[in-house]
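With mmCIF, C-alpha atoms inside, this is input.cif:
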data_entry
#
loop_
_atom_site.label_atom_id
_atom_site.label_comp_id
_atom_site.auth_asym_id
_atom_site.auth_seq_id
_atom_site.Cartn_x
_atom_site.Cartn_y
_atom_site.Cartn_z
CA MET A 262 -102.77 75.28 -11.82
CA THR A 263 -105.57 75.60 -9.30
CA GLU A 264 -105.80 78.34 -6.71
CA GLN A 265 -104.91 75.82 -4.03
CA GLU A 266 -101.78 74.82 -5.90
CA MET A 267 -100.86 78.43 -6.40
CA ARG A 268 -101.16 79.11 -2.67
CA GLU A 269 -99.00 76.07 -1.94
CA VAL A 270 -96.34 77.27 -4.33
CA PHE A 271 -96.50 80.71 -2.77
CA ARG A 272 -96.02 79.16 0.64
CA GLU A 273 -93.00 77.28 -0.67
CA MET A 274 -91.59 80.54 -1.89
CA ARG A 275 -91.94 82.09 1.56
CA GLU A 276 -88.85 80.49 2.98
CA GLU A 277 -86.86 80.57 -0.21
CA PRO A 278 -83.34 81.75 0.57
CA VAL A 279 -82.11 84.85 -1.15
CA PRO A 280 -78.78 84.82 -2.99
CA ALA A 281 -75.90 85.41 -0.63
CA ASP A 282 -74.14 87.81 -2.97
CA SER A 283 -77.25 90.01 -3.14
CA LEU A 284 -77.43 90.05 0.63
CA ALA A 285 -73.76 90.91 0.87
CA ARG A 286 -74.18 93.76 -1.60
CA VAL A 287 -77.14 95.14 0.35
CA ARG A 288 -75.23 94.93 3.61
CA MET A 289 -72.21 96.62 2.11
CA GLY A 290 -74.30 99.38 0.58
CA VAL A 291 -76.10 99.98 3.84
CA GLU A 292 -72.89 100.06 5.83
CA GLN A 293 -71.35 102.53 3.39
CA GLY A 294 -74.42 104.71 3.52
CA VAL A 295 -74.58 104.59 7.30
CA GLY A 296 -70.85 105.31 7.57
CA LYS A 297 -71.20 108.28 5.26
CA ARG A 298 -74.12 109.52 7.28
CA ARG A 299 -72.24 108.97 10.52
CA ARG A 300 -69.32 110.99 9.19
CA TRP A 301 -71.69 113.79 8.29
CA LYS A 302 -73.34 113.45 11.65
CA PHE A 303 -70.03 114.27 13.31
CA ALA A 304 -68.76 116.65 10.68
CA VAL A 305 -71.74 118.96 10.65
CA PRO A 306 -71.74 119.75 14.39
CA LEU A 307 -67.95 120.09 14.30
CA VAL A 308 -68.06 122.53 11.43
CA ALA A 309 -70.90 124.40 13.07
CA ALA A 310 -69.03 124.61 16.34
CA GLY A 311 -65.90 125.77 14.50
CA CYS A 312 -67.89 128.48 12.77
CA ILE A 313 -69.32 129.65 16.07
CA VAL A 314 -65.90 129.75 17.72
CA ALA A 315 -64.38 131.55 14.74
CA GLY A 316 -67.23 134.00 14.72
CA PHE A 317 -66.81 134.56 18.43
CA LEU A 318 -63.10 135.17 18.05
CA PHE A 319 -63.37 137.51 15.13
CA LEU A 320 -66.40 139.42 16.16
CA ARG A 321 -65.87 139.93 19.84
CA PRO A 322 -64.89 143.48 20.89
CA THR A 323 -61.11 143.57 21.04
CA LYS A 324 -59.10 145.83 23.31
CA VAL A 325 -57.83 148.62 21.11
CA PRO A 326 -54.64 150.26 22.41
CA VAL A 327 -55.60 153.66 23.66
CA ARG A 328 -53.53 156.44 22.22
CA THR A 329 -52.59 159.10 24.66
CA VAL A 330 -53.06 162.36 22.95
CA GLU A 331 -51.17 165.18 24.55
CA PRO A 332 -53.22 168.27 24.70
CA ALA A 333 -51.96 170.85 22.34
CA GLN A 334 -50.81 174.09 23.85
CA ILE A 335 -53.59 176.41 23.58
CA GLU A 336 -52.60 179.88 22.58
CA ILE A 337 -55.02 182.38 23.72
CA ALA A 338 -55.30 184.95 21.09
CA LYS A 339 -55.36 188.43 22.44
CA VAL A 340 -58.26 190.14 21.09
CA GLN A 341 -57.34 193.72 20.35
CA PRO A 342 -60.02 196.21 21.01
CA PRO A 343 -61.29 197.75 17.91
CA PRO A 344 -60.07 201.30 17.23
CA GLU A 345 -62.22 203.82 18.86
CA MET A 346 -64.60 205.18 16.50
CA PRO A 347 -66.23 208.57 16.94
CA VAL A 348 -69.52 207.93 18.45
CA ARG A 349 -72.21 209.48 16.60
CA THR A 350 -75.50 209.70 18.09
CA ALA A 351 -78.22 209.49 15.73
CA PRO A 352 -80.33 212.60 15.68
CA ARG A 353 -83.46 212.14 17.55
CA PRO A 354 -86.27 212.00 15.28
CA ARG A 355 -88.31 214.99 15.65
CA ARG A 356 -91.84 214.59 16.22
CA VAL A 357 -93.72 216.63 13.97
CA ARG A 358 -96.49 218.26 15.84
CA PRO A 359 -99.30 219.48 13.94
CA ARG A 360 -99.49 223.20 14.28
CA LEU A 361 -102.62 224.66 15.48
CA GLN A 362 -104.03 226.85 12.93
CA GLN A 363 -104.73 230.29 14.36
CA ALA A 364 -107.79 231.85 13.30
CA LYS A 365 -107.00 234.59 11.02
CA THR A 366 -108.46 237.57 12.83
CA VAL A 367 -108.30 241.12 11.83
CA PRO A 368 -107.08 243.41 14.65
CA VAL A 369 -109.86 245.42 15.94
CA LEU A 370 -109.27 248.83 17.40
CA ILE A 371 -112.04 250.30 19.42
CA ARG A 372 -111.76 253.95 20.27
CA ILE A 373 -113.95 255.17 22.99
CA GLU A 374 -114.07 258.89 23.48
CA THR A 375 -114.97 260.11 26.83
CA GLU A 376 -116.48 263.42 27.84
CA ASP A 377 -113.08 264.63 28.62
CA PRO A 378 -111.44 265.38 25.38
CA ASP A 379 -108.08 264.48 26.77
CA VAL A 380 -109.13 260.95 27.71
CA VAL A 381 -109.59 258.51 24.99
CA ILE A 382 -109.99 254.82 25.66
CA LEU A 383 -108.49 252.54 23.11
CA LEU A 384 -109.42 248.88 23.11
CA VAL A 385 -107.16 246.72 21.09
CA ASN A 386 -108.10 243.15 20.39
CA MET B 1120 -97.88 87.05 10.74
CA LEU B 1121 -94.88 89.22 11.43
CA GLU B 1122 -91.76 87.84 12.92
CA ALA B 1123 -92.57 89.01 16.34
CA ALA B 1124 -89.53 87.79 18.14
CA LEU B 1125 -87.06 89.40 15.83
CA MET B 1126 -86.84 92.95 16.98
CA GLY B 1127 -87.86 92.99 20.60
CA GLU B 1128 -87.14 96.04 22.63
CA ILE B 1129 -84.88 98.08 20.47
CA PRO B 1130 -83.24 101.09 22.02
CA ARG B 1131 -83.07 104.11 19.78
CA GLU B 1132 -79.90 105.03 17.93
CA ARG B 1133 -77.73 102.12 18.85
CA THR B 1134 -75.62 100.90 15.98
CA GLY B 1135 -75.37 97.40 17.37
CA SER B 1136 -79.11 97.13 17.40
CA PHE B 1137 -79.34 98.53 13.91
CA GLU B 1138 -76.90 95.95 12.63
CA GLN B 1139 -78.87 93.28 14.42
CA VAL B 1140 -82.08 94.41 12.75
CA LEU B 1141 -80.30 94.62 9.42
CA ARG B 1142 -79.17 91.02 9.68
CA GLN B 1143 -82.53 89.82 10.87
CA ARG B 1144 -84.62 91.64 8.31
CA GLU B 1145 -82.44 91.99 5.23
CA ALA B 1146 -83.56 88.72 3.67
CA GLN B 1147 -87.21 89.56 4.21
CA VAL B 1148 -86.87 93.03 2.71
CA LEU B 1149 -84.75 91.87 -0.21
CA ARG B 1150 -87.08 88.96 -0.99
CA THR B 1151 -90.17 91.16 -0.86
CA ALA B 1152 -88.58 93.76 -3.10
CA PHE B 1153 -87.50 91.07 -5.53
CA ARG B 1154 -90.98 89.55 -5.68
CA ILE B 1155 -92.51 92.92 -6.43
CA LEU B 1156 -89.85 94.26 -8.78
CA GLY B 1157 -88.75 91.08 -10.46
CA ASN B 1158 -85.02 91.65 -10.58
CA TRP B 1159 -82.27 91.44 -8.05
CA ALA B 1160 -80.45 94.63 -8.98
CA ASP B 1161 -83.48 96.81 -8.32
CA ALA B 1162 -84.39 94.77 -5.27
CA GLU B 1163 -80.92 95.32 -3.82
CA ASP B 1164 -81.19 99.06 -4.38
CA VAL B 1165 -84.58 99.14 -2.72
CA ALA B 1166 -83.40 97.04 0.22
CA GLN B 1167 -80.43 99.34 0.74
CA GLU B 1168 -82.66 102.39 0.69
CA VAL B 1169 -85.07 100.76 3.12
CA PHE B 1170 -82.35 100.16 5.66
CA LEU B 1171 -80.81 103.59 5.20
CA ARG B 1172 -84.22 105.06 5.88
CA LEU B 1173 -84.55 102.84 8.90
CA HIS B 1174 -81.24 104.17 10.16
CA ARG B 1175 -82.39 107.75 9.58
CA HIS B 1176 -85.77 107.04 11.14
CA GLY B 1177 -84.28 105.47 14.20
CA LEU B 1178 -85.43 102.32 15.87
CA ALA B 1179 -88.01 103.74 18.20
CA PHE B 1180 -90.98 101.58 17.32
CA VAL B 1181 -93.77 100.74 19.68
CA ASN B 1182 -93.29 97.03 19.10
CA ASP B 1183 -91.86 94.58 16.61
CA ALA B 1184 -95.06 94.39 14.61
CA ALA B 1185 -94.84 98.14 14.10
CA ALA B 1186 -91.24 97.80 12.99
CA GLY B 1187 -92.13 94.99 10.60
CA GLY B 1188 -95.06 96.96 9.25
CA TRP B 1189 -92.86 99.98 8.77
CA LEU B 1190 -90.29 97.95 6.84
CA TYR B 1191 -92.93 96.40 4.59
CA ARG B 1192 -94.57 99.76 3.98
CA VAL B 1193 -91.31 101.46 3.02
CA THR B 1194 -90.32 98.51 0.85
CA ALA B 1195 -93.63 98.53 -0.99
CA ASN B 1196 -93.56 102.30 -1.48
CA LEU B 1197 -90.03 102.26 -2.82
CA CYS B 1198 -90.95 99.42 -5.17
CA PHE B 1199 -93.93 101.42 -6.43
CA ASP B 1200 -91.71 104.44 -7.00
CA ARG B 1201 -89.28 102.31 -8.94
CA THR B 1202 -91.90 100.66 -11.12
CA ARG B 1203 -93.43 104.03 -12.00
CA SER B 1204 -90.42 104.91 -14.08
CA LYS B 1205 -89.82 101.47 -15.54
CA TRP B 1206 -91.54 98.83 -17.55
CA PRO B 1207 -92.26 95.69 -15.59
CA SER B 1208 -89.25 93.49 -15.71
CA GLN B 1209 -89.39 90.08 -17.22
CA GLU B 1210 -86.53 88.88 -15.05
CA LEU B 1211 -88.96 87.22 -12.68
CA THR B 1212 -88.51 84.00 -14.58
CA ASP B 1213 -84.88 83.94 -13.53
CA MET B 1214 -85.56 82.87 -9.99
CA PRO B 1215 -82.61 81.35 -8.25
CA SER B 1216 -83.00 77.67 -7.82
CA LEU B 1217 -80.66 76.31 -5.26
CA GLU B 1218 -81.58 72.67 -5.60
CA ARG B 1219 -82.44 71.77 -9.16
CA SER B 1220 -81.00 68.30 -9.13
CA ALA B 1221 -83.85 66.42 -7.52
CA GLU B 1222 -86.81 65.66 -9.74
CA GLY B 1223 -89.43 66.93 -7.32
CA THR B 1224 -87.54 70.10 -6.78
CA VAL B 1225 -87.28 70.65 -10.51
CA LEU B 1226 -91.03 70.37 -10.84
CA LEU B 1227 -91.56 72.76 -7.97
CA GLU B 1228 -89.05 75.16 -9.44
CA GLU B 1229 -90.87 75.02 -12.73
CA LYS B 1230 -94.14 75.85 -11.02
CA LYS B 1231 -92.52 78.69 -9.14
CA GLN B 1232 -91.06 80.12 -12.31
CA ARG B 1233 -94.36 79.95 -14.11
CA LEU B 1234 -96.13 81.55 -11.20
CA MET B 1235 -93.58 84.31 -10.88
CA ALA B 1236 -93.74 84.96 -14.61
CA ALA B 1237 -97.51 85.23 -14.33
CA LEU B 1238 -97.14 87.46 -11.28
CA ALA B 1239 -94.92 89.80 -13.28
CA GLN B 1240 -97.82 90.47 -15.62
CA LEU B 1241 -100.05 91.84 -12.85
CA PRO B 1242 -100.34 95.52 -12.02
CA VAL B 1243 -97.79 96.41 -9.38
CA LYS B 1244 -100.32 97.09 -6.61
CA GLU B 1245 -102.01 93.74 -7.09
CA ARG B 1246 -98.63 92.08 -7.28
CA ALA B 1247 -97.55 93.70 -4.05
CA ALA B 1248 -100.77 92.64 -2.34
CA VAL B 1249 -100.29 89.02 -3.43
CA VAL B 1250 -96.62 89.03 -2.46
CA LEU B 1251 -97.30 90.40 1.01
CA ARG B 1252 -100.40 88.31 1.65
CA GLU B 1253 -99.55 85.01 0.01
CA ILE B 1254 -95.77 84.87 0.02
CA GLU B 1255 -94.83 86.91 3.07
CA GLY B 1256 -97.87 85.63 4.93
CA LEU B 1257 -99.11 88.94 6.33
CA SER B 1258 -102.69 89.33 7.45
CA THR B 1259 -105.04 91.37 5.31
CA ALA B 1260 -104.92 94.19 7.86
CA GLU B 1261 -101.12 94.20 7.81
CA VAL B 1262 -101.08 94.22 4.02
CA ALA B 1263 -103.56 97.09 4.02
CA GLU B 1264 -101.35 99.03 6.41
CA ALA B 1265 -98.23 98.32 4.40
CA LEU B 1266 -99.86 99.38 1.15
CA GLY B 1267 -101.69 102.31 2.67
CA SER B 1268 -105.11 101.11 1.60
CA SER B 1269 -108.17 99.56 3.18
CA GLU B 1270 -108.68 95.90 3.93
CA VAL B 1271 -111.56 95.80 1.46
CA THR B 1272 -109.29 97.09 -1.27
CA VAL B 1273 -106.63 94.54 -0.42
CA ARG B 1274 -109.13 91.69 -0.48
CA SER B 1275 -110.42 92.90 -3.81
CA GLN B 1276 -106.89 93.26 -5.21
CA ILE B 1277 -105.90 89.77 -4.09
CA SER B 1278 -109.09 88.27 -5.42
CA LYS B 1279 -108.64 89.94 -8.82
CA ALA B 1280 -104.99 88.98 -8.88
CA MET B 1281 -105.72 85.32 -8.21
CA VAL B 1282 -108.29 85.25 -11.00
CA LYS B 1283 -105.82 86.86 -13.38
CA LEU B 1284 -103.04 84.48 -12.37
CA ARG B 1285 -105.28 81.49 -12.94
CA GLY B 1286 -106.23 82.89 -16.33
CA ILE B 1287 -102.61 83.43 -17.34
CA LEU B 1288 -101.53 79.99 -16.20
CA THR B 1289 -104.51 78.30 -17.89
CA ARG B 1290 -103.71 80.07 -21.16
CA GLU B 1291 -100.14 78.85 -20.89
CA ASP B 1292 -101.31 75.29 -20.30
CA VAL B 1293 -103.43 75.40 -23.43
#

Represent the structure of the file as structure tokens.
Amino acid sequence: MTEQEMREVFREMREEPVPADSLARVRMGVEQGVGKRRRWKFAVPLVAAGCIVAGFLFLRPTKVPVRTVEPAQIEIAKVQPPPEMPVRTAPRPRRVRPRLQQAKTVPVLIRIETEDPDVVILLVN
Amino acid sequence: MLEAALMGEIPRERTGSFEQVLRQREAQVLRTAFRILGNWADAEDVAQEVFLRLHRHGLAFVNDAAAGGWLYRVTANLCFDRTRSKWPSQELTDMPSLERSAEGTVLLEEKKQRLMAALAQLPVKERAAVVLREIEGLSTAEVAEALGSSEVTVRSQISKAMVKLRGILTREDV
């Protein structure tokens, strides 16, 4: 078969009809696939919307009934004064002053005799 | 040449439009996948996946050529993914022949079967290039875009593929 003949045969094959049953199977498969996809296309947003609504309903802050709590009667405890205790004042601390040391001096007695024998001058230190 | 008139202005995300595109393009996608993969079961799976991806992608294409290019590119990529995990199928010889009664048609069918059997022996990238260029009738640039390679590479792949096909068919004749 020459190349020319091959090309002619190829051209003949161009318009060759395909089997009808194959076409029908393809069409059916495509329709099923598209239908399945279409169902999902609707189902997914529906489920998502449902989840959002459910989430909104369950998670929103609900009004909790407020309990009225009556204030308990407050008893004021009387504080009794503590028994009087004898007050003791702490002794003031004495400041210890350092004592001045006196010089140890020996008393000096000076006797001055005057010309008059009755007059004597005594000088005591 | 892409079927320019098929898609037109397609508004995004309209099921009616998607179904319209599905009906207009399903034969093209299925045929291309079958030529590359070599069996109808795999081709059907690929075609389904292509259209599911189209549905996911949306129909916002700049023009019909872009849409056609996108479909071919996704088809080729999915075929490559599929052939990576499988041995090349030999089912290519089982091409459907709708009119085998007439003598001329029988001869043509025989040629087609031989050619498809030879095509099945090519590496998948070369096979895809030949299918898109020679059978689907895309330009080299369009094939390059669909296969994600350069025009030079596509030309080289097609050239190599044609030589290999001729070799295989000549060997068979002998």

Per residue of chain A within 10 Å of chain B, record the nearest atom pair and its distance in Å to one decimal, counting all atoms listed in the file, with rows in chain order and ascending residue number, as CSV.
residue,atom,partner,partner_atom,distance
A:Met262,CA,B:Leu1288,CA,6.6
A:Thr263,CA,B:Arg1285,CA,6.9
A:Glu264,CA,B:Arg1285,CA,7.0
A:Glu266,CA,B:Lys1230,CA,9.3
A:Met267,CA,B:Leu1234,CA,7.4
A:Arg268,CA,B:Glu1253,CA,6.7
A:Glu269,CA,B:Glu1253,CA,9.2
A:Val270,CA,B:Lys1231,CA,6.3
A:Phe271,CA,B:Ile1254,CA,5.1
A:Arg272,CA,B:Ile1254,CA,5.7
A:Glu273,CA,B:Ile1254,CA,8.1
A:Met274,CA,B:Ile1254,CA,6.3
A:Arg275,CA,B:Ile1254,CA,5.0
A:Glu276,CA,B:Ile1254,CA,8.7
A:Glu277,CA,B:Arg1150,CA,8.4
A:Pro278,CA,B:Ala1146,CA,7.6
A:Val279,CA,B:Ala1146,CA,6.3
A:Pro280,CA,B:Pro1215,CA,7.4
A:Ala281,CA,B:Ala1146,CA,9.4
A:Ser283,CA,B:Glu1163,CA,6.5
A:Leu284,CA,B:Ala1146,CA,7.0
A:Ala285,CA,B:Glu1163,CA,9.6
A:Arg286,CA,B:Glu1163,CA,7.3
A:Val287,CA,B:Gln1167,CA,5.3
A:Arg288,CA,B:Gln1167,CA,7.4
A:Met289,CA,B:Gln1167,CA,8.8
A:Gly290,CA,B:Gln1167,CA,6.1
A:Val291,CA,B:Gln1167,CA,5.4
A:Glu292,CA,B:Leu1171,CA,8.7
A:Gln293,CA,B:Leu1171,CA,9.7
A:Gly294,CA,B:Leu1171,CA,6.7
A:Val295,CA,B:Leu1171,CA,6.7
A:Arg298,CA,B:Arg1175,CA,8.8

List, as a compact mmCIF listing (two decimals) with C-alpha atoms, in the coordinates of the input, every residue that the PyMOL selection byres ((chain B and resi 1191) around 10) selects in the file provided.
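Final output, saved to out32.txt:
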# COMPACT_ATOMS: atom_id res chain seq x y z
CA GLN B 1147 -87.21 89.56 4.21
CA VAL B 1148 -86.87 93.03 2.71
CA THR B 1151 -90.17 91.16 -0.86
CA ALA B 1152 -88.58 93.76 -3.10
CA VAL B 1169 -85.07 100.76 3.12
CA ALA B 1185 -94.84 98.14 14.10
CA ALA B 1186 -91.24 97.80 12.99
CA GLY B 1187 -92.13 94.99 10.60
CA GLY B 1188 -95.06 96.96 9.25
CA TRP B 1189 -92.86 99.98 8.77
CA LEU B 1190 -90.29 97.95 6.84
CA ARG B 1192 -94.57 99.76 3.98
CA VAL B 1193 -91.31 101.46 3.02
CA THR B 1194 -90.32 98.51 0.85
CA ALA B 1195 -93.63 98.53 -0.99
CA ASN B 1196 -93.56 102.30 -1.48
CA LEU B 1197 -90.03 102.26 -2.82
CA LEU B 1251 -97.30 90.40 1.01
CA GLU B 1255 -94.83 86.91 3.07
CA LEU B 1257 -99.11 88.94 6.33
CA GLU B 1261 -101.12 94.20 7.81
CA VAL B 1262 -101.08 94.22 4.02
CA GLU B 1264 -101.35 99.03 6.41
CA ALA B 1265 -98.23 98.32 4.40
CA LEU B 1266 -99.86 99.38 1.15

Rounded to one decimal, what separation in Å do you get between CA of Ser1268 in chain B and CA of Gly1157 in chain B?
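Pair CA of Ser1268 in chain B / CA of Gly1157 in chain B returns 22.7 Å.
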
Apply the PyMOL selection byres ((chain B and resi 1274) around 10) to the displayed file and report the matching residues as a VMD selection string.
chain B and resid 1245 1248 to 1249 1252 1259 to 1260 1262 to 1263 1269 to 1273 1275 to 1280

Selected residues written out with C-alpha atoms, as a PDB file, keeping the file's coordinate frame:
ATOM      1  CA  GLU B1245    -102.010  93.740  -7.090  1.00  0.00           C
ATOM      2  CA  ALA B1248    -100.770  92.640  -2.340  1.00  0.00           C
ATOM      3  CA  VAL B1249    -100.290  89.020  -3.430  1.00  0.00           C
ATOM      4  CA  ARG B1252    -100.400  88.310   1.650  1.00  0.00           C
ATOM      5  CA  THR B1259    -105.040  91.370   5.310  1.00  0.00           C
ATOM      6  CA  ALA B1260    -104.920  94.190   7.860  1.00  0.00           C
ATOM      7  CA  VAL B1262    -101.080  94.220   4.020  1.00  0.00           C
ATOM      8  CA  ALA B1263    -103.560  97.090   4.020  1.00  0.00           C
ATOM      9  CA  SER B1269    -108.170  99.560   3.180  1.00  0.00           C
ATOM     10  CA  GLU B1270    -108.680  95.900   3.930  1.00  0.00           C
ATOM     11  CA  VAL B1271    -111.560  95.800   1.460  1.00  0.00           C
ATOM     12  CA  THR B1272    -109.290  97.090  -1.270  1.00  0.00           C
ATOM     13  CA  VAL B1273    -106.630  94.540  -0.420  1.00  0.00           C
ATOM     14  CA  SER B1275    -110.420  92.900  -3.810  1.00  0.00           C
ATOM     15  CA  GLN B1276    -106.890  93.260  -5.210  1.00  0.00           C
ATOM     16  CA  ILE B1277    -105.900  89.770  -4.090  1.00  0.00           C
ATOM     17  CA  SER B1278    -109.090  88.270  -5.420  1.00  0.00           C
ATOM     18  CA  LYS B1279    -108.640  89.940  -8.820  1.00  0.00           C
ATOM     19  CA  ALA B1280    -104.990  88.980  -8.880  1.00  0.00           C
TER      20      ALA B1280
END

Quote the spacing between CA of Gln1240 in chain B and CA of Lys1283 in chain B in Å to one decimal place.
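Value for the CA of Gln1240 in chain B-CA of Lys1283 in chain B distance: 9.1 Å.
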
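Going from CA of Val385 in chain A to CA of Leu361 in chain A covers 23.2 Å.
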